[in-house]
$ cat upload.txt   # compact mmCIF, N, CA, C and O atoms
# COMPACT_ATOMS: atom_id res chain seq x y z
N MET A 1 -180.02 33.91 37.69
CA MET A 1 -179.25 35.09 37.39
C MET A 1 -180.10 36.09 36.62
O MET A 1 -179.89 37.27 36.76
N LEU A 2 -181.03 35.64 35.83
CA LEU A 2 -181.89 36.58 35.10
C LEU A 2 -182.63 37.49 36.06
O LEU A 2 -182.74 38.68 35.83
N ARG A 3 -183.11 36.92 37.13
CA ARG A 3 -183.85 37.73 38.10
C ARG A 3 -182.94 38.75 38.78
O ARG A 3 -183.35 39.86 39.06
N SER A 4 -181.68 38.38 39.02
CA SER A 4 -180.77 39.32 39.67
C SER A 4 -180.45 40.50 38.76
O SER A 4 -180.01 41.54 39.22
N LEU A 5 -180.66 40.33 37.48
CA LEU A 5 -180.44 41.43 36.54
C LEU A 5 -181.71 42.22 36.29
O LEU A 5 -181.74 43.09 35.43
N GLY A 6 -182.77 41.88 37.02
CA GLY A 6 -184.02 42.59 36.85
C GLY A 6 -184.83 42.08 35.67
O GLY A 6 -185.76 42.71 35.23
N GLN A 7 -184.44 40.91 35.17
CA GLN A 7 -185.14 40.33 34.03
C GLN A 7 -185.92 39.11 34.51
O GLN A 7 -185.53 38.44 35.45
N THR A 8 -187.00 38.85 33.83
CA THR A 8 -187.77 37.65 34.13
C THR A 8 -187.94 36.86 32.85
O THR A 8 -187.91 37.42 31.75
N PRO A 9 -188.05 35.54 32.97
CA PRO A 9 -188.24 34.74 31.78
C PRO A 9 -189.55 35.11 31.07
O PRO A 9 -190.50 35.52 31.72
N VAL A 10 -189.55 34.98 29.77
CA VAL A 10 -190.75 35.26 28.99
C VAL A 10 -191.73 34.12 29.20
O VAL A 10 -191.40 32.96 28.98
N ILE A 11 -192.92 34.45 29.63
CA ILE A 11 -193.95 33.43 29.85
C ILE A 11 -194.39 32.88 28.51
O ILE A 11 -194.61 33.60 27.56
N GLY A 12 -194.47 31.56 28.45
CA GLY A 12 -194.87 30.92 27.22
C GLY A 12 -193.70 30.65 26.29
O GLY A 12 -193.85 30.04 25.26
N SER A 13 -192.52 31.11 26.67
CA SER A 13 -191.34 30.88 25.86
C SER A 13 -190.81 29.49 26.16
O SER A 13 -190.74 29.07 27.30
N ASP A 14 -190.44 28.78 25.12
CA ASP A 14 -189.88 27.46 25.34
C ASP A 14 -188.37 27.48 25.17
O ASP A 14 -187.74 26.46 24.97
N GLU A 15 -187.77 28.67 25.27
CA GLU A 15 -186.32 28.78 25.21
C GLU A 15 -185.71 28.26 26.51
O GLU A 15 -186.20 28.53 27.60
N ASP A 16 -184.65 27.52 26.37
CA ASP A 16 -183.91 27.01 27.51
C ASP A 16 -183.32 28.20 28.27
O ASP A 16 -182.58 29.00 27.68
N PRO A 17 -183.62 28.35 29.55
CA PRO A 17 -183.10 29.49 30.30
C PRO A 17 -181.56 29.50 30.38
O PRO A 17 -180.95 30.54 30.51
N ARG A 18 -180.95 28.32 30.27
CA ARG A 18 -179.49 28.27 30.26
C ARG A 18 -178.93 28.94 29.01
O ARG A 18 -177.92 29.63 29.07
N VAL A 19 -179.62 28.75 27.89
CA VAL A 19 -179.19 29.37 26.63
C VAL A 19 -179.35 30.89 26.73
O VAL A 19 -178.47 31.64 26.30
N ALA A 20 -180.44 31.33 27.32
CA ALA A 20 -180.66 32.77 27.49
C ALA A 20 -179.57 33.38 28.38
O ALA A 20 -179.05 34.46 28.09
N GLU A 21 -179.22 32.68 29.42
CA GLU A 21 -178.17 33.14 30.33
C GLU A 21 -176.82 33.21 29.61
O GLU A 21 -176.06 34.16 29.77
N LEU A 22 -176.53 32.19 28.81
CA LEU A 22 -175.29 32.17 28.04
C LEU A 22 -175.25 33.34 27.06
O LEU A 22 -174.25 34.05 26.97
N ARG A 23 -176.33 33.54 26.35
CA ARG A 23 -176.39 34.63 25.38
C ARG A 23 -176.16 35.99 26.06
O ARG A 23 -175.43 36.84 25.57
N THR A 24 -176.77 36.19 27.23
CA THR A 24 -176.63 37.44 27.96
C THR A 24 -175.18 37.65 28.42
O THR A 24 -174.61 38.73 28.25
N ALA A 25 -174.59 36.61 29.00
CA ALA A 25 -173.22 36.72 29.51
C ALA A 25 -172.22 36.96 28.38
O ALA A 25 -171.31 37.78 28.50
N VAL A 26 -172.40 36.25 27.28
CA VAL A 26 -171.50 36.41 26.13
C VAL A 26 -171.63 37.80 25.54
O VAL A 26 -170.63 38.47 25.24
N SER A 27 -172.85 38.27 25.40
CA SER A 27 -173.08 39.60 24.86
C SER A 27 -172.42 40.67 25.72
O SER A 27 -171.77 41.59 25.22
N ARG A 28 -172.55 40.53 27.02
CA ARG A 28 -171.97 41.50 27.95
C ARG A 28 -170.44 41.49 27.83
O ARG A 28 -169.81 42.55 27.76
N LEU A 29 -169.83 40.31 27.80
CA LEU A 29 -168.38 40.24 27.70
C LEU A 29 -167.88 40.76 26.36
O LEU A 29 -166.85 41.43 26.29
N ARG A 30 -168.62 40.51 25.30
CA ARG A 30 -168.24 41.05 23.98
C ARG A 30 -168.25 42.57 24.00
O ARG A 30 -167.36 43.22 23.45
N ARG A 31 -169.26 43.16 24.64
CA ARG A 31 -169.32 44.62 24.74
C ARG A 31 -168.15 45.16 25.56
O ARG A 31 -167.53 46.16 25.19
N GLU A 32 -167.86 44.50 26.69
CA GLU A 32 -166.74 44.93 27.53
C GLU A 32 -165.42 44.84 26.77
O GLU A 32 -164.58 45.74 26.87
N LEU A 33 -165.24 43.77 26.03
CA LEU A 33 -164.02 43.60 25.24
C LEU A 33 -163.92 44.67 24.16
O LEU A 33 -162.85 45.23 23.93
N ALA A 34 -165.04 44.98 23.52
CA ALA A 34 -165.04 45.99 22.46
C ALA A 34 -164.69 47.37 22.97
O ALA A 34 -164.08 48.16 22.25
N THR A 35 -165.04 47.68 24.21
CA THR A 35 -164.76 49.00 24.76
C THR A 35 -163.38 49.09 25.40
O THR A 35 -162.96 50.18 25.76
N LEU A 36 -162.70 47.98 25.52
CA LEU A 36 -161.36 47.98 26.10
C LEU A 36 -160.40 48.66 25.14
O LEU A 36 -160.23 48.21 24.01
N PRO A 37 -159.78 49.76 25.56
CA PRO A 37 -158.94 50.53 24.63
C PRO A 37 -157.61 49.86 24.30
O PRO A 37 -157.04 50.10 23.25
N SER A 38 -157.12 49.01 25.18
CA SER A 38 -155.80 48.42 24.94
C SER A 38 -155.88 47.17 24.07
O SER A 38 -156.87 46.44 24.08
N GLU A 39 -154.82 46.97 23.34
CA GLU A 39 -154.68 45.75 22.55
C GLU A 39 -153.85 44.78 23.36
O GLU A 39 -153.01 45.17 24.17
N PHE A 40 -154.08 43.51 23.17
CA PHE A 40 -153.26 42.48 23.77
C PHE A 40 -153.13 41.35 22.76
O PHE A 40 -153.95 41.24 21.85
N PRO A 41 -152.10 40.54 22.88
CA PRO A 41 -151.75 39.59 21.82
C PRO A 41 -152.87 38.64 21.39
O PRO A 41 -153.00 38.33 20.21
N ASP A 42 -153.69 38.18 22.34
CA ASP A 42 -154.69 37.16 22.01
C ASP A 42 -156.11 37.71 21.90
O ASP A 42 -157.09 36.96 21.99
N ARG A 43 -156.23 39.00 21.69
CA ARG A 43 -157.55 39.61 21.59
C ARG A 43 -158.40 38.98 20.47
O ARG A 43 -159.59 38.71 20.66
N ALA A 44 -157.79 38.73 19.32
CA ALA A 44 -158.54 38.15 18.19
C ALA A 44 -159.07 36.77 18.54
O ALA A 44 -160.19 36.41 18.14
N ILE A 45 -158.31 36.00 19.30
CA ILE A 45 -158.77 34.67 19.72
C ILE A 45 -160.00 34.81 20.59
O ILE A 45 -161.00 34.11 20.41
N ALA A 46 -159.94 35.73 21.56
CA ALA A 46 -161.08 35.96 22.45
C ALA A 46 -162.31 36.38 21.65
O ALA A 46 -163.42 35.87 21.88
N GLU A 47 -162.12 37.30 20.72
CA GLU A 47 -163.25 37.77 19.91
C GLU A 47 -163.84 36.65 19.07
O GLU A 47 -165.07 36.52 18.98
N ASP A 48 -162.99 35.83 18.47
CA ASP A 48 -163.47 34.71 17.65
C ASP A 48 -164.25 33.69 18.48
O ASP A 48 -165.31 33.21 18.07
N GLU A 49 -163.73 33.36 19.64
CA GLU A 49 -164.41 32.36 20.48
C GLU A 49 -165.69 32.91 21.09
O GLU A 49 -166.67 32.18 21.24
N LEU A 50 -165.72 34.19 21.41
CA LEU A 50 -166.97 34.79 21.89
C LEU A 50 -168.01 34.79 20.77
O LEU A 50 -169.20 34.55 21.02
N ALA A 51 -167.57 35.02 19.54
CA ALA A 51 -168.50 34.95 18.40
C ALA A 51 -169.03 33.53 18.24
O ALA A 51 -170.21 33.32 17.94
N ALA A 52 -168.16 32.54 18.45
CA ALA A 52 -168.60 31.14 18.35
C ALA A 52 -169.62 30.82 19.44
O ALA A 52 -170.64 30.16 19.17
N LEU A 53 -169.38 31.29 20.67
CA LEU A 53 -170.35 31.07 21.75
C LEU A 53 -171.67 31.76 21.45
O LEU A 53 -172.75 31.19 21.70
N ALA A 54 -171.60 32.96 20.92
CA ALA A 54 -172.83 33.69 20.58
C ALA A 54 -173.62 32.93 19.51
O ALA A 54 -174.85 32.82 19.60
N ALA A 55 -172.92 32.37 18.53
CA ALA A 55 -173.60 31.60 17.48
C ALA A 55 -174.24 30.34 18.06
O ALA A 55 -175.36 29.99 17.69
N MET A 56 -173.54 29.68 18.98
CA MET A 56 -174.12 28.48 19.61
C MET A 56 -175.36 28.84 20.41
O MET A 56 -176.35 28.11 20.40
N ALA A 57 -175.30 29.95 21.12
CA ALA A 57 -176.46 30.38 21.92
C ALA A 57 -177.63 30.76 21.02
O ALA A 57 -178.78 30.48 21.34
N THR A 58 -177.34 31.37 19.89
CA THR A 58 -178.39 31.74 18.95
C THR A 58 -179.05 30.50 18.37
O THR A 58 -180.25 30.47 18.17
N GLY A 59 -178.23 29.47 18.13
CA GLY A 59 -178.76 28.21 17.60
C GLY A 59 -179.66 27.49 18.59
O GLY A 59 -180.50 26.68 18.20
N GLY A 60 -179.48 27.76 19.88
CA GLY A 60 -180.36 27.20 20.89
C GLY A 60 -179.97 25.86 21.46
O GLY A 60 -180.51 25.45 22.47
N HIS A 61 -179.02 25.16 20.84
CA HIS A 61 -178.62 23.84 21.33
C HIS A 61 -177.10 23.71 21.32
O HIS A 61 -176.54 22.99 20.49
N PRO A 62 -176.42 24.41 22.24
CA PRO A 62 -174.96 24.37 22.23
C PRO A 62 -174.42 22.99 22.60
O PRO A 62 -175.02 22.27 23.39
N GLU A 63 -173.29 22.66 22.01
CA GLU A 63 -172.60 21.40 22.33
C GLU A 63 -171.71 21.65 23.53
O GLU A 63 -170.85 22.53 23.49
N ILE A 64 -171.89 20.87 24.58
CA ILE A 64 -171.16 21.10 25.83
C ILE A 64 -169.65 21.03 25.64
O ILE A 64 -168.94 21.91 26.12
N PRO A 65 -169.10 20.03 24.93
CA PRO A 65 -167.64 20.03 24.77
C PRO A 65 -167.13 21.29 24.05
O PRO A 65 -166.08 21.83 24.41
N ARG A 66 -167.88 21.76 23.07
CA ARG A 66 -167.47 22.97 22.34
C ARG A 66 -167.58 24.20 23.23
O ARG A 66 -166.74 25.10 23.17
N LEU A 67 -168.61 24.26 24.08
CA LEU A 67 -168.74 25.37 25.03
C LEU A 67 -167.51 25.44 25.92
O LEU A 67 -166.92 26.51 26.11
N ARG A 68 -167.13 24.30 26.46
CA ARG A 68 -166.00 24.24 27.38
C ARG A 68 -164.68 24.58 26.68
O ARG A 68 -163.84 25.26 27.24
N SER A 69 -164.54 24.12 25.45
CA SER A 69 -163.34 24.42 24.68
C SER A 69 -163.23 25.93 24.43
O SER A 69 -162.16 26.53 24.62
N SER A 70 -164.33 26.54 24.03
CA SER A 70 -164.34 27.98 23.80
C SER A 70 -164.04 28.74 25.08
O SER A 70 -163.28 29.72 25.07
N LEU A 71 -164.62 28.30 26.18
CA LEU A 71 -164.38 28.95 27.46
C LEU A 71 -162.90 28.91 27.83
O LEU A 71 -162.33 29.92 28.27
N LEU A 72 -162.26 27.76 27.64
CA LEU A 72 -160.83 27.65 27.94
C LEU A 72 -160.00 28.59 27.07
O LEU A 72 -159.06 29.23 27.55
N LEU A 73 -160.33 28.66 25.80
CA LEU A 73 -159.59 29.56 24.90
C LEU A 73 -159.79 31.02 25.28
O LEU A 73 -158.85 31.81 25.27
N ILE A 74 -161.01 31.38 25.64
CA ILE A 74 -161.29 32.76 26.05
C ILE A 74 -160.55 33.08 27.34
O ILE A 74 -159.91 34.13 27.46
N ALA A 75 -160.60 32.16 28.31
CA ALA A 75 -159.91 32.39 29.58
C ALA A 75 -158.41 32.53 29.36
O ALA A 75 -157.77 33.40 29.97
N GLY A 76 -157.85 31.72 28.48
CA GLY A 76 -156.43 31.83 28.19
C GLY A 76 -156.08 33.13 27.49
O GLY A 76 -155.03 33.71 27.71
N ALA A 77 -156.99 33.59 26.65
CA ALA A 77 -156.73 34.81 25.88
C ALA A 77 -156.88 36.08 26.71
O ALA A 77 -156.13 37.04 26.54
N ILE A 78 -157.85 36.11 27.62
CA ILE A 78 -158.10 37.36 28.37
C ILE A 78 -157.95 37.20 29.87
O ILE A 78 -158.22 38.15 30.61
N GLY A 79 -157.49 36.05 30.30
CA GLY A 79 -157.41 35.78 31.74
C GLY A 79 -156.62 36.79 32.54
O GLY A 79 -156.89 37.01 33.71
N SER A 80 -155.63 37.43 31.93
CA SER A 80 -154.81 38.39 32.67
C SER A 80 -155.32 39.83 32.56
O SER A 80 -154.74 40.74 33.13
N VAL A 81 -156.40 40.04 31.84
CA VAL A 81 -156.96 41.38 31.69
C VAL A 81 -158.00 41.58 32.79
O VAL A 81 -159.14 41.12 32.69
N SER A 82 -157.58 42.25 33.85
CA SER A 82 -158.44 42.36 35.04
C SER A 82 -159.76 43.07 34.77
O SER A 82 -160.76 42.78 35.42
N ALA A 83 -159.79 43.95 33.80
CA ALA A 83 -161.03 44.68 33.49
C ALA A 83 -162.11 43.74 32.97
O ALA A 83 -163.30 44.08 33.00
N LEU A 84 -161.73 42.56 32.50
CA LEU A 84 -162.69 41.61 31.94
C LEU A 84 -162.98 40.44 32.87
O LEU A 84 -163.73 39.53 32.51
N ALA A 85 -162.43 40.48 34.08
CA ALA A 85 -162.57 39.35 35.00
C ALA A 85 -164.03 39.05 35.35
O ALA A 85 -164.44 37.89 35.36
N ARG A 86 -164.81 40.07 35.61
CA ARG A 86 -166.22 39.85 35.98
C ARG A 86 -167.00 39.25 34.82
O ARG A 86 -167.77 38.30 34.99
N GLY A 87 -166.81 39.79 33.62
CA GLY A 87 -167.50 39.26 32.45
C GLY A 87 -167.11 37.82 32.16
O GLY A 87 -167.96 36.99 31.82
N LEU A 88 -165.82 37.49 32.32
CA LEU A 88 -165.36 36.13 32.11
C LEU A 88 -165.98 35.19 33.15
O LEU A 88 -166.42 34.09 32.82
N LYS A 89 -166.07 35.67 34.38
CA LYS A 89 -166.70 34.87 35.45
C LYS A 89 -168.16 34.57 35.11
O LYS A 89 -168.65 33.45 35.30
N ASP A 90 -168.86 35.56 34.57
CA ASP A 90 -170.26 35.37 34.21
C ASP A 90 -170.44 34.38 33.05
O ASP A 90 -171.36 33.57 33.05
N VAL A 91 -169.52 34.44 32.08
CA VAL A 91 -169.58 33.48 30.97
C VAL A 91 -169.31 32.08 31.50
O VAL A 91 -169.99 31.12 31.13
N ARG A 92 -168.32 31.95 32.38
CA ARG A 92 -168.03 30.63 32.95
C ARG A 92 -169.25 30.09 33.70
O ARG A 92 -169.60 28.92 33.58
N ALA A 93 -169.89 30.93 34.49
CA ALA A 93 -171.08 30.51 35.24
C ALA A 93 -172.18 30.05 34.28
O ALA A 93 -172.87 29.06 34.54
N ALA A 94 -172.34 30.75 33.17
CA ALA A 94 -173.36 30.38 32.18
C ALA A 94 -173.02 29.05 31.53
O ALA A 94 -173.91 28.21 31.32
N VAL A 95 -171.76 28.83 31.21
CA VAL A 95 -171.34 27.55 30.63
C VAL A 95 -171.55 26.43 31.64
O VAL A 95 -172.01 25.34 31.30
N ASP A 96 -171.25 26.69 32.90
CA ASP A 96 -171.41 25.68 33.95
C ASP A 96 -172.86 25.25 34.13
O ASP A 96 -173.12 24.15 34.62
N LEU A 97 -173.80 26.09 33.74
CA LEU A 97 -175.22 25.71 33.83
C LEU A 97 -175.55 24.48 32.99
O LEU A 97 -176.51 23.77 33.26
N PHE A 98 -174.72 24.23 31.97
CA PHE A 98 -174.97 23.09 31.08
C PHE A 98 -174.42 21.78 31.64
O PHE A 98 -174.64 20.72 31.07
N GLY A 99 -173.72 21.83 32.77
CA GLY A 99 -173.21 20.63 33.41
C GLY A 99 -171.92 20.15 32.77
O GLY A 99 -171.29 20.83 31.97
N GLU A 100 -171.56 18.96 33.15
CA GLU A 100 -170.34 18.34 32.68
C GLU A 100 -170.48 17.83 31.26
O GLU A 100 -171.57 17.47 30.83
N SER A 101 -169.35 17.77 30.58
CA SER A 101 -169.33 17.16 29.25
C SER A 101 -169.53 15.66 29.42
O SER A 101 -168.98 15.06 30.34
N PRO A 102 -170.33 15.05 28.56
CA PRO A 102 -170.49 13.60 28.65
C PRO A 102 -169.17 12.91 28.33
O PRO A 102 -168.46 13.30 27.43
N ARG A 103 -168.83 11.91 29.10
CA ARG A 103 -167.58 11.16 28.89
C ARG A 103 -167.87 10.00 27.95
O ARG A 103 -168.88 9.34 28.08
N PRO A 104 -166.93 9.75 27.01
CA PRO A 104 -167.14 8.63 26.08
C PRO A 104 -167.02 7.30 26.75
O PRO A 104 -166.48 7.12 27.77

$ encode --input "upload.txt" --output "structure tokens"
Amino acid sequence: MLRSLGQTPVIGSDEDPRVAELRTAVSRLRRELATLPSEFPDRAIAEDELAALAAMATGGHPEIPRLRSSLLLIAGAIGSVSALARGLKDVRAAVDLFGESPRP
């Protein structure tokens, strides 16, 4: 996906490309949410969970169960806001790059 956005990985960087993709998708959705003029009941939940995802991406080693939990909360909070559908899809795709949660 980085290449489709006209970006290429930094040579010599040991950053996980999945983390970079997550950070990009979360940042984009946060910007889209911030520019949305309308209020909706669960906006604060979406903003809080996007902040949590951004923090996990910044840390470089996100926990898969926490990623999935945040994604579900975000989808529930903004799922009916059609203006954010593309950004939500991109965040989901970035979370999916980390694979399935390990089962106990």

$ residues_around --input "upload.txt" --residues "Arg86 in chain A" --least-positions-apart "5" --cutoff "8 Å" --atoms "only N, CA, C and O atoms" --output "VMD selection string"
chain A and resid 25 29 81 91 to 93

$ write_last_selection --input "upload.txt" --atoms "N, CA, C and O atoms" --output "short mmCIF file (atom, residue, chain, number, x, y, z; two decimals), in the frame of the given file"
data_model
loop_
_atom_site.label_atom_id
_atom_site.label_comp_id
_atom_site.auth_asym_id
_atom_site.auth_seq_id
_atom_site.Cartn_x
_atom_site.Cartn_y
_atom_site.Cartn_z
N ALA A 25 -174.59 36.61 29.00
CA ALA A 25 -173.22 36.72 29.51
C ALA A 25 -172.22 36.96 28.38
O ALA A 25 -171.31 37.78 28.50
N LEU A 29 -169.83 40.31 27.80
CA LEU A 29 -168.38 40.24 27.70
C LEU A 29 -167.88 40.76 26.36
O LEU A 29 -166.85 41.43 26.29
N VAL A 81 -156.40 40.04 31.84
CA VAL A 81 -156.96 41.38 31.69
C VAL A 81 -158.00 41.58 32.79
O VAL A 81 -159.14 41.12 32.69
N VAL A 91 -169.52 34.44 32.08
CA VAL A 91 -169.58 33.48 30.97
C VAL A 91 -169.31 32.08 31.50
O VAL A 91 -169.99 31.12 31.13
N ARG A 92 -168.32 31.95 32.38
CA ARG A 92 -168.03 30.63 32.95
C ARG A 92 -169.25 30.09 33.70
O ARG A 92 -169.60 28.92 33.58
N ALA A 93 -169.89 30.93 34.49
CA ALA A 93 -171.08 30.51 35.24
C ALA A 93 -172.18 30.05 34.28
O ALA A 93 -172.87 29.06 34.54
#

$ atom_distance --input "upload.txt" --atom1 "atom O of Ala46 in chain A" --atom2 "atom C of Pro17 in chain A"
21.0 Å

$ residues_around --input "upload.txt" --residues "Asp16 in chain A" --least-positions-apart "5" --cutoff "8 Å" --atoms "all atoms listed in the file" --output "mmCIF file with N, CA, C and O atoms, in the frame of the given file"
data_model
loop_
_atom_site.group_PDB
_atom_site.id
_atom_site.type_symbol
_atom_site.label_atom_id
_atom_site.label_comp_id
_atom_site.auth_asym_id
_atom_site.auth_seq_id
_atom_site.Cartn_x
_atom_site.Cartn_y
_atom_site.Cartn_z
ATOM 1 N N GLU A 21 -179.220 32.680 29.420
ATOM 2 C CA GLU A 21 -178.170 33.140 30.330
ATOM 3 C C GLU A 21 -176.820 33.210 29.610
ATOM 4 O O GLU A 21 -176.060 34.160 29.770
ATOM 5 N N LEU A 22 -176.530 32.190 28.810
ATOM 6 C CA LEU A 22 -175.290 32.170 28.040
ATOM 7 C C LEU A 22 -175.250 33.340 27.060
ATOM 8 O O LEU A 22 -174.250 34.050 26.970
ATOM 9 N N ARG A 23 -176.330 33.540 26.350
ATOM 10 C CA ARG A 23 -176.390 34.630 25.380
ATOM 11 C C ARG A 23 -176.160 35.990 26.060
ATOM 12 O O ARG A 23 -175.430 36.840 25.570
ATOM 13 N N ALA A 57 -175.300 29.950 21.120
ATOM 14 C CA ALA A 57 -176.460 30.380 21.920
ATOM 15 C C ALA A 57 -177.630 30.760 21.020
ATOM 16 O O ALA A 57 -178.780 30.480 21.340
ATOM 17 N N GLY A 60 -179.480 27.760 19.880
ATOM 18 C CA GLY A 60 -180.360 27.200 20.890
ATOM 19 C C GLY A 60 -179.970 25.860 21.460
ATOM 20 O O GLY A 60 -180.510 25.450 22.470
#

$ closest_residue --input "upload.txt" --among "A:Ile64, A:Phe98, A:Ala77, A:Leu88" --to "Phe40 in chain A" --atoms "only N, CA, C and O atoms"
A:Ala77

$ residues_around --input "upload.txt" --residues "Ser69 in chain A" --least-positions-apart "2" --cutoff "12 Å" --atoms "only C-alpha atoms" --output "JSON, numbers by chain"
{"A": [46, 49, 50, 52, 53, 62, 63, 64, 65, 66, 67, 71, 72, 73, 74, 75, 76, 92, 95, 101]}

$ write_last_selection --input "upload.txt" --atoms "N, CA, C and O atoms" --output "CSV table (one decimal), in the frame of the given file"
chain,number,residue,atom,x,y,z
A,46,ALA,N,-159.9,35.7,21.6
A,46,ALA,CA,-161.1,36.0,22.4
A,46,ALA,C,-162.3,36.4,21.6
A,46,ALA,O,-163.4,35.9,21.9
A,49,GLU,N,-163.7,33.4,19.6
A,49,GLU,CA,-164.4,32.4,20.5
A,49,GLU,C,-165.7,32.9,21.1
A,49,GLU,O,-166.7,32.2,21.2
A,50,LEU,N,-165.7,34.2,21.4
A,50,LEU,CA,-167.0,34.8,21.9
A,50,LEU,C,-168.0,34.8,20.8
A,50,LEU,O,-169.2,34.6,21.0
A,52,ALA,N,-168.2,32.5,18.4
A,52,ALA,CA,-168.6,31.1,18.4
A,52,ALA,C,-169.6,30.8,19.4
A,52,ALA,O,-170.6,30.2,19.2
A,53,LEU,N,-169.4,31.3,20.7
A,53,LEU,CA,-170.4,31.1,21.8
A,53,LEU,C,-171.7,31.8,21.4
A,53,LEU,O,-172.8,31.2,21.7
A,62,PRO,N,-176.4,24.4,22.2
A,62,PRO,CA,-175.0,24.4,22.2
A,62,PRO,C,-174.4,23.0,22.6
A,62,PRO,O,-175.0,22.3,23.4
A,63,GLU,N,-173.3,22.7,22.0
A,63,GLU,CA,-172.6,21.4,22.3
A,63,GLU,C,-171.7,21.6,23.5
A,63,GLU,O,-170.8,22.5,23.5
A,64,ILE,N,-171.9,20.9,24.6
A,64,ILE,CA,-171.2,21.1,25.8
A,64,ILE,C,-169.6,21.0,25.6
A,64,ILE,O,-168.9,21.9,26.1
A,65,PRO,N,-169.1,20.0,24.9
A,65,PRO,CA,-167.6,20.0,24.8
A,65,PRO,C,-167.1,21.3,24.0
A,65,PRO,O,-166.1,21.8,24.4
A,66,ARG,N,-167.9,21.8,23.1
A,66,ARG,CA,-167.5,23.0,22.3
A,66,ARG,C,-167.6,24.2,23.2
A,66,ARG,O,-166.7,25.1,23.2
A,67,LEU,N,-168.6,24.3,24.1
A,67,LEU,CA,-168.7,25.4,25.0
A,67,LEU,C,-167.5,25.4,25.9
A,67,LEU,O,-166.9,26.5,26.1
A,71,LEU,N,-164.6,28.3,26.2
A,71,LEU,CA,-164.4,29.0,27.5
A,71,LEU,C,-162.9,28.9,27.8
A,71,LEU,O,-162.3,29.9,28.3
A,72,LEU,N,-162.3,27.8,27.6
A,72,LEU,CA,-160.8,27.6,27.9
A,72,LEU,C,-160.0,28.6,27.1
A,72,LEU,O,-159.1,29.2,27.6
A,73,LEU,N,-160.3,28.7,25.8
A,73,LEU,CA,-159.6,29.6,24.9
A,73,LEU,C,-159.8,31.0,25.3
A,73,LEU,O,-158.8,31.8,25.3
A,74,ILE,N,-161.0,31.4,25.6
A,74,ILE,CA,-161.3,32.8,26.0
A,74,ILE,C,-160.6,33.1,27.3
A,74,ILE,O,-159.9,34.1,27.5
A,75,ALA,N,-160.6,32.2,28.3
A,75,ALA,CA,-159.9,32.4,29.6
A,75,ALA,C,-158.4,32.5,29.4
A,75,ALA,O,-157.8,33.4,30.0
A,76,GLY,N,-157.8,31.7,28.5
A,76,GLY,CA,-156.4,31.8,28.2
A,76,GLY,C,-156.1,33.1,27.5
A,76,GLY,O,-155.0,33.7,27.7
A,92,ARG,N,-168.3,32.0,32.4
A,92,ARG,CA,-168.0,30.6,33.0
A,92,ARG,C,-169.2,30.1,33.7
A,92,ARG,O,-169.6,28.9,33.6
A,95,VAL,N,-171.8,28.8,31.2
A,95,VAL,CA,-171.3,27.6,30.6
A,95,VAL,C,-171.6,26.4,31.6
A,95,VAL,O,-172.0,25.3,31.3
A,101,SER,N,-169.4,17.8,30.6
A,101,SER,CA,-169.3,17.2,29.2
A,101,SER,C,-169.5,15.7,29.4
A,101,SER,O,-169.0,15.1,30.3

$ atom_distance --input "upload.txt" --atom1 "atom C of Glu32 in chain A" --atom2 "atom C of Asp14 in chain A"
28.8 Å

$ select_by_dssp --input "upload.txt" --residues "chain A" --states "helix (DSSP H, G or I)" --output "PyMOL selection string"
chain A and resi 3-5+17-35+43-59+64-78+82-96

$ closest_residue --input "upload.txt" --among "A:Ala20, A:Ala94, A:Ala55, A:Ala44" --to "Arg68 in chain A" --atoms "only C-alpha atoms"
A:Ala94

$ atom_distance --input "upload.txt" --atom1 "atom C of Asp42 in chain A" --atom2 "CA of Ser82 in chain A"
14.1 Å

$ closest_residue --input "upload.txt" --among "A:Arg43, A:Arg18, A:His61, A:Arg31" --to "Ile78 in chain A" --atoms "only C-alpha atoms"
A:Arg43

$ axis_aligned_box --input "upload.txt" --around "range 85-89 of chain A" --padding-each-side "4 Å" --output "AutoDock Vina command-line options"
--center_x -165.5 --center_y 37.0 --center_z 33.9 --size_x 14.2 --size_y 15.0 --size_z 12.2
